[in-house]
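Notes to accompany the following structure.
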Amino acid sequence: MPDSLLPIRIRDLRLSKGDRALLAGINLTIEDPGITVIMGPNGAGKTLLLRCLHGLIKPDRGQITLGPLGPESSRDQQAMVFQHPVLLRRTALQNLAFAAPELARSEPQRLISALAAVHLADRADQPARMLSGGEQQRLALARALLSQPALLLLDEATASLDPASVLVIESLVKAQSAQGTKVILISHDQGQARRLADEIVFISDGQITEQSPADSFFSAPRTPMARAYLAGEILL
Amino acid sequence: MPDSLLPIRIRDLRLSKGDRALLAGINLTIEDPGITVIMGPNGAGKTLLLRCLHGLIKPDRGQITLGPLGPESSRDQQAMVFQHPVLLRRTALQNLAFAAPELARSEPQRLISALAAVHLADRADQPARMLSGGEQQRLALARALLSQPALLLLDEATASLDPASVLVIESLVKAQSAQGTKVILISHDQGQARRLADEIVFISDGQITEQSPADSFFSAPRTPMARAYLAGEILL
Amino acid sequence: MNALAEAFRLIITLDADLFEILWLSIRVSLIALAISAVISLPLGTWLAITRFPGRKFCILVLNALMGMPPVVVGLMVYLLLSRSGPLGWMGLLYTPTAMIIAQVVLITPIIAALSNQVIENLHQEYRDTFYSMGVTGRRAVVAYLVDARYALTTCILAGFGRAIAEVGAVIIVGGNIDHLTRVMTTAIALETSKGNLSLALGLGAVLLALSLLVNALVIGVREYAAKRQYA
Amino acid sequence: MNALAEAFRLIITLDADLFEILWLSIRVSLIALAISAVISLPLGTWLAITRFPGRKFCILVLNALMGMPPVVVGLMVYLLLSRSGPLGWMGLLYTPTAMIIAQVVLITPIIAALSNQVIENLHQEYRDTFYSMGVTGRRAVVAYLVDARYALTTCILAGFGRAIAEVGAVIIVGGNIDHLTRVMTTAIALETSKGNLSLALGLGAVLLALSLLVNALVIGVREYAAKRQYA
Amino acid sequence: QSTTSTENSGLYDHLMPILERETGVKVNVVAVGTGQAIKNAMRCDGDVLLVHSRPDEEKFVADGYGDYRRDLMYNDFVIIGPKADPARVAGAANVTEALQRIRETGARFASRGDDSGTHKKERLLWQEAAIDPDAGSGQWYLETGSGMGATLNTGVSLGAYVLSDRATWISFGNKQDSTIVFEGAPPLFNQYGVIPVNAGKCPTVNREAAEIFANWLLSESGQAAIGAYQVKGKQLFVPNANHKLNSSIESK
Ligand SMILES: Nc1ncnc2c1ncn2[C@@H]1O[C@H](COP(=O)(O)OP(=O)(O)OP(=O)(O)O)[C@@H](O)[C@H]1O
Ligand SMILES: Nc1ncnc2c1ncn2[C@@H]1O[C@H](COP(=O)(O)OP(=O)(O)OP(=O)(O)O)[C@@H](O)[C@H]1O
Ligand SMILES: [Mg+2]
Ligand SMILES: [Mg+2]
């Protein structure tokens with residue numbers, strides 16, 4: 001396990017397109033290990049924030065540090081599962097081998113067991129792009145976990161999984177977190193957030209409106225926004 | 001509203017790749033209007049079944065009739081939202097205009113209100129592919145509803161929506177169904193299934209194991225498979 | 001080299017002959033390109049998105065025709081336009097029009113085959129959606145052309161490159177007649193056969209500069225449009 | 001036509017001269033293609049996926065070089081290899097090697113520019129994932145080439161078409177010397193200059209048939225591989 | 001239609017402005033090899049032929065494609081070779097001996113190999129020297145299958161011997177270290193003819209302009225213009241429209 005990337009500090013992060021502010025001055029400090037869940041309505045800026053952390057987007061302004069590093073310099077200690085995972089035009093197993101070439105050479109058995117962990121053992125030789133939606137998402141997760149990252153970023157990684165697979169993935173994520181990986185996870189699934197989150201960050205309209213321990217967020221959300229969100233009331 | 005495509009009859013539908021049977025002899029008759037929800041684990045064959053109905057896949061064997069028509073001949077009375085919607089490289093509004101060119105000419109206002117119905121009015125001129133995941137899914141839904149289809153096929157159409165949007169979409173779908181559109185919908189979300197379904201079809205491993213009215217399915221699933229699925233127990 | 005020096009002297013002194021030749025080169029190639037694009041882009045697209053028996057064979061033939069020798073194209077057009085040929089009565093042989101015809105024949109398969117490949121890639125993405133929306137025929141072709149426009153510019157530039165560089169066909173049907181059908185490439189060939197190698201090279205440099213200019217314009221427009229639309 | 005009849009007679013009687021010329025054509029073009037592919041595919045890919053100042057300019061130049069006149073390429077290689085040129089001591093002028101060199105220079109920009117476009121499209125899809133996985137440099141180039149292999153065949157076939165059809169450059173550096181450097185296109189040009197138009201056309205048909213054969217082989221292999229992998 | 005050697009020498013650039021000034025006729029020059037020029041004209045793609053291969057020309061007229069054939073001008077052929085002259089061609093007593101020396105010393109010879117007037121002349125000379133060059137094709141006898149200029153480019157670069165018409169050589173720009181090694185022998189005479197295409201066979205022919213053009217070339221002022229054409233201070237063509245062709249050639 002590589003060194004910790006904590007604390008993660010985001011200072012006055014701003015990003016706009018045209019005259020619309022997509023990220024409108026985000027300030028966030030994440031100090032504790034464990035699992036942070038980001039929630040918020042569609043279009044709030046959750047994905048953009050995660051991409052900034054990963055170094056995929058350069059913000060217009062603001063600063064991000066992960067421990068002693070920046071987003072790009074810490075890239076090889078991070079792993080990310082995208083909202084729409086992109087798999088290579090190869091078999092499921094080859095996709096894992098491509099992500100971890102040394103492992104594929106030294107311990108090919110590890111790849112098989114990584115597939116088995118997401119219950120894809122018998123899809124090993126199937127072209128990855130022919131897998132079903134849920135199977136693809138699970139493969140992308142297995143790929144991200146292979147690198148044993150210090151920081152794992154998951155963007156709605158269980159959105160199209162069946163209930164059992166959701167639980168499988170959640171236990172994998174928990175196990176990874178227990179080994180010291182910091183997990184930041186976007187989810188619209190409140191059940192999942194309750195099961196996993198140590199801490200909730202709530203984003204709305206490009207701004208962080210709340211950062212609370214999970215218990216207090218669900219029992220007593222501080223903003224009316226978060227309250228409405230949890231109740232499924234319209235706040236688009 | 002076009003003529004009904006009911007009853008939908010599927011006889012001994014089979015599809016295999018290599019020596020794996022993806023659809024292993026599906027027999028299904030859907031006679032009642034309203035909303036049919038298809039459930040089942042990842043890789044069960046839900047998407048494949050919907051694609052066969054839509055005429056996108058020719059099965060190896062078996063027969064599908066929708067009222068007096070076949071899948072292809074009824075294509076223009078159907079609309080489908082894919083698991084991963086594909087939007088054109090144009091703005092949100094232009095995507096709608098492209099899907100309904102006559103409407104765009106005669107009643108352009110209708111396009112705006114269709115956008116507003118999925119709460120995307122202020123994204124009208126944004127390139128569709130730059131929308132957030134949930135926004136894209138909502139746009140795809142608006143596009144499908146424009147054609148006022150007799151049969152609406154939805155493949156996990158709310159998987160990445162926030163709770164409020166889920167409810168918005170559900171009420172749109174219910175309204176559409178009330179106008180006489182037959183809706184067949186794939187979902188892993190049990191809450192959603194409970195809220196919407198008149199009838200549940202459960203698929204596992206390429207076969208239909210249960211077809212029941214929604215109430216009886218949730219209160220007393222007939223197969224151990226369905227029971228385990230609902231409980232979130234592993235059945236991969 | 002005094003080769004380039006001579007060429008640049010011609011340019012700087014706005015040598016009328018050189019400009020006449022340059023202008024004819026660019027005019028013939030651009031007109032041929034425009035005509036060819038109107039044929040080849042829809043053709044390549046249509047072959048990418050429809051399915052009929054023999055379609056693969058058509059694509060194969062298009063690909064093979066990319067290797068059609070210019071001299072052969074020149075000959076065919078020559079026989080067609082020759083005064084004793086079927087179109088001889090039009091009196092087109094040894095005119096710029098004849099050169100345009102030859103170039104159209106030459107580059108149409110190239111643009112069609114390349115755009116076919118580009119559209120085929122996009123088709124993999126759009127196919128199901130277009131099927132579902134009932135988008136077929138001419139509407140589908142237009143939509144594909146519009147959505148693939150940035151990638152298609154490279155196909156078009158490849159066609160332009162072939163046209164502007166082409167000598168074998170235009171010399172046969174154009175005849176390299178001074179002040180009438182002499183273009184840059186035939187002028188270069190002539191200087192080469194006169195042994196004026198350095199002047200030939202200098203003219204080549206001028207032609208390349210011209211080609212660079214056209215490419216810069218096209219790519220510039222593409223970049224500008226892409227940026228404005230950020231699509 | 002008795003043109004084709006004559007050409008077919010030559011083929012059917014296994015005319016030794018014709019086969020010698022055909023074989024040289026195909027050998028020169030395929031070797032040039034192989035060398036060029038090794039240079040141009042990684043180059044085009046690399047330019048699609050790296051970012052450095054001047055990258056756009058490089059791509060622009062590649063695109064413009066698609067319009068490099070063969071005669072100019074021929075001249076440059078001629079001056080390079082001529083006895084008084086820098087590589088004159090190698091004695092390569094008027095050998096098949098010289099023709100290969102000229103063709104490599106000619107088709108490398110074409111394959112590079114076209115593959116650049118193909119890879120750029122794929123890069124839009126893979127970029128974020130490759131960044132995230134830390135796939136860069138040579139590994140990324142190889143991965144792109146592998147995953148775009150089907151689309152790249154069309155680029156390669158375009159290069160082959162240009163090589164096999166090319167006459168302007170090879171006639172200058174090869175000299176069209178009978179039994180030594182005469183290839184199909186220069187033979188066609190010769191028959192044309194002798195006024196034997198029908199024989200020239202017949203030879204053209206033979207060359208096209210050859211080109212069709214090569215294309216059918218390449219596309220056949222591609223289809224077969226695609227079907228086997230159904231990827 | 002015209003043969004390449006006249007175009008390459010720049011003669012037309014010299015003649016056309018004078019022609020246009022004096023007669024108002026504008027001429028488009030299509031320069032191809034003699035063989036191609038004749039065949040193109042048989043397809044009616046040309047109004048006047050200006051070529052140099054006497055037997056072919058006479059056959060063209062005999063077959064009814066041309067109205068008549070007139071001598072127009074002549075120049076002569078020369079043998080080009082490297083200054084070092086490894087085959088010592090310069091010392092040969094006559095053309096036959098020159099060619100035999102080339103063959104015997106194993107020096108290379110670049111032939112046009114394109115059925116052009118020059119090529120036919122060259123084949124005739126080999127025949128007279130009793131040498132069959134085809135046996136060495138691709139080894140010492142290099143058939144370039146190209147125009148005069150391209151063949152000179154090849155020959156000069158390889159240090160091979162070449163038979164060229166004097167006009168093309170004088171105006172040729174890529175001489176490198178080659179030079180005229182043999183000239184002036186009677187068999188090297190090169191007569192150009194002019195033939196208007198028969199309007200009966202080819203109704204599309206621009207008969208009137210063709211007539212004016214041919215007549216002007218044969219007229220005193222046309223002949224004078226040809227004689228006045230010089231490149232690098234040397235006269236390239238000798239007008240001889242008014243002579244009957246005779247075998248006694250004034251040698252240079
Ligand atoms: N490149 C871009 N150009 C313009 N607008 C963009 C761009 N990328 C994102 N946006 C806009 O920024 C907003 C935030 O996008 P983001 O993807 O972060 O949303 P999100 O919170 O992840 O939503 P979801 O829950 O739907 O995934 C959206 O409204 C989107 O339309
Ligand atoms: N073209 C194909 N070639 C081979 N196998 C395929 C192909 N398409 C689908 N499959 C396989 O068929 C099975 C059923 O796929 P399908 O997409 O219908 O699953 P699903 O029930 O929709 O699952 P999910 O809930 O994950 O979307 C999967 O295991 C998938 O790997
Ligand atoms: Mg998102
Ligand atoms: Mg599915």
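In the structure tokens, the first chain shown is A, the next is B, and so on; residue numbers restart at 1 for each chain, and ligands run from 1 in the order shown.
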Select from chain A every residue with an atom at most 8 Å from any atom of chain D, then for each give the shortest pair of atoms and their distance in Å to one decimal, using only C-alpha atoms, rows by chain and rising number, as CSV.
residue,atom,partner,partner_atom,distance
A:His54,CA,D:Ser132,CA,7.7
A:Leu56,CA,D:Asp128,CA,6.9
A:Arg75,CA,D:Ser132,CA,7.0
A:Asp76,CA,D:Gly134,CA,6.5
A:Gln78,CA,D:Ser132,CA,7.9
A:Ala79,CA,D:Ser132,CA,6.6
A:Met80,CA,D:Ser132,CA,6.7
A:Val86,CA,D:Thr129,CA,6.6
A:Leu88,CA,D:Asp147,CA,7.3
A:Arg89,CA,D:Ala231,CA,5.9
A:Arg90,CA,D:Ala231,CA,6.4
A:Thr91,CA,D:Ala231,CA,7.8
A:Ala99,CA,D:Met133,CA,6.4
A:Pro127,CA,D:Ala231,CA,5.3
A:Ala128,CA,D:Ala231,CA,7.8
A:Arg129,CA,D:Ala231,CA,7.1
A:Met130,CA,D:Ala231,CA,7.6
* ligand 4 neighbours within 8 Å using only C-alpha atoms and all ligand atoms, as a list in words ->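 Every residue with an atom at most 8 Å from ligand 4 is listed here: Ser132, Gly133, Gly134 and Ser160 of chain A; Asn42, Gly43, Gly45, Lys46, Thr47, Leu48, Gln83, Asp155, Glu156 and Ile186 of chain B.
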* **Minimum-distance residue to ligand 1, chosen among C:Arg228, C:Leu217, C:Cys155, C:Ile101 (using only C-alpha atoms and all ligand atoms)** => C:Arg228
* To do: Give me, as JSON, numbers by chain, the contact residues of chain E against chain D at a cut-off of 6 Å, counting only C-alpha atoms.
  => {"E": [33, 35, 36, 39, 114, 115, 138, 142, 143, 144, 145]}
Would you write out those residues with N, CA and C atoms, as a CSV table (one decimal), in the first residue's frame?
chain,number,residue,atom,x,y,z
E,33,GLY,N,5.9,12.0,-77.8
E,33,GLY,CA,6.9,11.3,-78.7
E,33,GLY,C,6.3,11.2,-80.1
E,35,GLY,N,5.9,8.7,-82.1
E,35,GLY,CA,4.9,7.6,-82.2
E,35,GLY,C,3.6,8.0,-81.7
E,36,GLN,N,3.6,8.6,-80.5
E,36,GLN,CA,2.3,8.9,-79.9
E,36,GLN,C,1.6,10.1,-80.7
E,39,LYS,N,-0.1,8.7,-83.7
E,39,LYS,CA,-1.4,7.9,-83.3
E,39,LYS,C,-2.4,8.9,-82.8
E,114,ASP,N,11.6,4.0,-76.7
E,114,ASP,CA,10.2,4.4,-76.7
E,114,ASP,C,9.6,4.5,-78.1
E,115,ASP,N,10.3,3.9,-79.1
E,115,ASP,CA,9.7,4.0,-80.5
E,115,ASP,C,9.7,5.4,-81.0
E,138,GLY,N,19.1,-4.2,-69.9
E,138,GLY,CA,19.1,-4.3,-68.5
E,138,GLY,C,20.5,-4.4,-67.9
E,142,LEU,N,20.5,0.1,-71.6
E,142,LEU,CA,19.5,0.5,-70.7
E,142,LEU,C,18.4,1.2,-71.4
E,143,GLU,N,17.2,0.5,-71.6
E,143,GLU,CA,16.1,1.1,-72.3
E,143,GLU,C,15.3,1.9,-71.3
E,144,THR,N,15.3,3.2,-71.4
E,144,THR,CA,14.6,4.0,-70.3
E,144,THR,C,13.2,4.1,-70.6
E,145,GLY,N,12.7,3.9,-71.8
E,145,GLY,CA,11.3,4.1,-72.1
E,145,GLY,C,10.8,5.4,-71.8
* To do: Hey, list the chain A side of the contact with chain B: 7 Å cut-off, only C-alpha atoms, answer as a ChimeraX atom specification.
  => /A:41-43,119,132,134-135,159-164,188,229,232-234,236
Only all heavy atoms, please: the residues just picked out, written as a compact mmCIF listing (two decimals), in the first residue's frame.
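Contents of selection-v2.txt, as written:
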# COMPACT_ATOMS: atom_id res chain seq x y z
N PRO A 41 -27.65 16.52 -6.53
CA PRO A 41 -28.50 16.29 -7.71
C PRO A 41 -27.70 16.17 -9.00
O PRO A 41 -26.51 16.49 -9.04
CB PRO A 41 -29.41 17.53 -7.74
CG PRO A 41 -28.82 18.50 -6.80
CD PRO A 41 -27.94 17.78 -5.86
N ASN A 42 -28.37 15.71 -10.05
CA ASN A 42 -27.74 15.63 -11.37
C ASN A 42 -27.26 17.00 -11.79
O ASN A 42 -27.98 17.99 -11.62
CB ASN A 42 -28.74 15.15 -12.43
CG ASN A 42 -29.17 13.71 -12.25
OD1 ASN A 42 -30.33 13.38 -12.42
ND2 ASN A 42 -28.25 12.85 -11.88
N GLY A 43 -26.08 17.04 -12.34
CA GLY A 43 -25.57 18.30 -12.84
C GLY A 43 -25.02 19.20 -11.75
O GLY A 43 -24.67 20.35 -12.01
N HIS A 119 -17.12 -11.73 -9.64
CA HIS A 119 -17.99 -12.76 -10.21
C HIS A 119 -18.04 -12.72 -11.73
O HIS A 119 -19.10 -12.82 -12.33
CB HIS A 119 -19.41 -12.64 -9.63
CG HIS A 119 -19.46 -12.94 -8.17
ND1 HIS A 119 -19.93 -14.13 -7.68
CD2 HIS A 119 -19.05 -12.23 -7.10
CE1 HIS A 119 -19.83 -14.12 -6.36
NE2 HIS A 119 -19.30 -12.98 -5.99
N SER A 132 -22.56 -7.40 -20.55
CA SER A 132 -23.76 -6.62 -20.22
C SER A 132 -23.34 -5.39 -19.44
O SER A 132 -22.21 -5.29 -18.95
CB SER A 132 -24.73 -7.46 -19.41
OG SER A 132 -24.36 -7.47 -18.05
N GLY A 134 -24.01 -4.22 -16.48
CA GLY A 134 -23.54 -4.46 -15.13
C GLY A 134 -22.20 -5.18 -15.11
O GLY A 134 -21.32 -4.86 -14.29
N GLU A 135 -22.03 -6.11 -16.03
CA GLU A 135 -20.76 -6.84 -16.09
C GLU A 135 -19.61 -5.90 -16.43
O GLU A 135 -18.51 -6.00 -15.87
CB GLU A 135 -20.86 -7.96 -17.13
CG GLU A 135 -21.76 -9.12 -16.68
CD GLU A 135 -22.12 -10.08 -17.82
OE1 GLU A 135 -21.92 -9.72 -18.99
OE2 GLU A 135 -22.59 -11.18 -17.53
N ALA A 159 -24.24 1.82 -10.31
CA ALA A 159 -25.54 2.30 -10.79
C ALA A 159 -26.33 1.24 -11.54
O ALA A 159 -27.55 1.19 -11.44
CB ALA A 159 -25.36 3.52 -11.67
N SER A 160 -25.65 0.37 -12.29
CA SER A 160 -26.46 -0.58 -13.05
C SER A 160 -26.22 -2.02 -12.58
O SER A 160 -26.34 -2.95 -13.38
CB SER A 160 -26.21 -0.43 -14.55
OG SER A 160 -24.84 -0.38 -14.81
N LEU A 161 -25.88 -2.16 -11.32
CA LEU A 161 -25.68 -3.52 -10.80
C LEU A 161 -26.96 -4.06 -10.17
O LEU A 161 -27.79 -3.30 -9.65
CB LEU A 161 -24.56 -3.52 -9.76
CG LEU A 161 -23.19 -3.07 -10.24
CD1 LEU A 161 -22.13 -3.42 -9.20
CD2 LEU A 161 -22.84 -3.69 -11.57
N ASP A 162 -27.09 -5.38 -10.20
CA ASP A 162 -28.22 -5.98 -9.51
C ASP A 162 -27.96 -5.95 -8.00
O ASP A 162 -26.83 -5.74 -7.56
CB ASP A 162 -28.45 -7.41 -10.03
CG ASP A 162 -27.29 -8.33 -9.75
OD1 ASP A 162 -26.79 -8.36 -8.60
OD2 ASP A 162 -26.83 -9.01 -10.68
N PRO A 163 -28.99 -6.13 -7.18
CA PRO A 163 -28.83 -5.95 -5.73
C PRO A 163 -27.70 -6.80 -5.14
O PRO A 163 -26.92 -6.30 -4.31
CB PRO A 163 -30.19 -6.39 -5.17
CG PRO A 163 -31.14 -6.23 -6.30
CD PRO A 163 -30.38 -6.45 -7.55
N ALA A 164 -27.58 -8.03 -5.58
CA ALA A 164 -26.53 -8.87 -5.01
C ALA A 164 -25.16 -8.33 -5.39
O ALA A 164 -24.26 -8.24 -4.54
CB ALA A 164 -26.69 -10.30 -5.53
N HIS A 188 -26.06 8.06 -5.98
CA HIS A 188 -27.41 8.57 -5.76
C HIS A 188 -28.21 7.61 -4.88
O HIS A 188 -29.36 7.88 -4.58
CB HIS A 188 -28.14 8.72 -7.10
CG HIS A 188 -27.61 9.82 -7.95
ND1 HIS A 188 -27.63 11.13 -7.55
CD2 HIS A 188 -27.03 9.81 -9.18
CE1 HIS A 188 -27.10 11.88 -8.50
NE2 HIS A 188 -26.72 11.10 -9.50
N TYR A 229 -33.42 16.81 -0.97
CA TYR A 229 -32.80 15.78 -1.80
C TYR A 229 -33.11 14.40 -1.26
O TYR A 229 -33.53 13.48 -1.98
CB TYR A 229 -31.29 16.00 -1.87
CG TYR A 229 -30.55 14.93 -2.63
CD1 TYR A 229 -30.40 15.03 -4.01
CD2 TYR A 229 -30.00 13.84 -1.98
CE1 TYR A 229 -29.74 14.05 -4.72
CE2 TYR A 229 -29.34 12.86 -2.68
CZ TYR A 229 -29.20 12.97 -4.05
OH TYR A 229 -28.55 11.99 -4.74
N GLY A 232 -36.40 13.15 -1.85
CA GLY A 232 -36.78 12.97 -3.25
C GLY A 232 -37.64 14.10 -3.76
O GLY A 232 -38.40 13.94 -4.70
N GLU A 233 -37.54 15.27 -3.12
CA GLU A 233 -38.32 16.40 -3.62
C GLU A 233 -37.55 17.12 -4.72
O GLU A 233 -36.34 17.09 -4.76
CB GLU A 233 -38.64 17.36 -2.45
CG GLU A 233 -39.73 16.80 -1.55
CD GLU A 233 -39.72 17.44 -0.17
OE1 GLU A 233 -39.18 18.55 -0.03
OE2 GLU A 233 -40.25 16.82 0.77
N ILE A 234 -38.28 17.77 -5.56
CA ILE A 234 -37.66 18.40 -6.73
C ILE A 234 -36.74 19.53 -6.30
O ILE A 234 -37.14 20.42 -5.58
CB ILE A 234 -38.74 18.97 -7.64
CG1 ILE A 234 -39.83 17.94 -7.88
CG2 ILE A 234 -38.14 19.45 -8.94
CD1 ILE A 234 -39.38 16.71 -8.55
N LEU A 236 -34.26 20.46 -8.86
CA LEU A 236 -33.50 20.70 -10.08
C LEU A 236 -33.37 22.20 -10.34
O LEU A 236 -34.34 22.91 -10.25
CB LEU A 236 -34.20 20.04 -11.26
CG LEU A 236 -34.24 18.52 -11.22
CD1 LEU A 236 -35.21 17.99 -12.25
CD2 LEU A 236 -32.86 17.96 -11.47
* Test item, alpha helix (DSSP H) assignment across stretch 143-215 of chain E, answer as an MDAnalysis selection string -> chainID E and resid 148:158 166:171 207:215
* To do: Can you check which residues of chain C have any atom within 7 Å of chain D? Use only C-alpha atoms and format it as a PyMOL selection string.
  => chain C and resi 60-61+63-64+66-72+114+117+151+154+157-158+160-162+164-166+185+189+201+204+208+211-212+215-216
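Pairwise distance (atom CA of C:Ala34, atom CA of C:Asp15) equals 28.3 Å.
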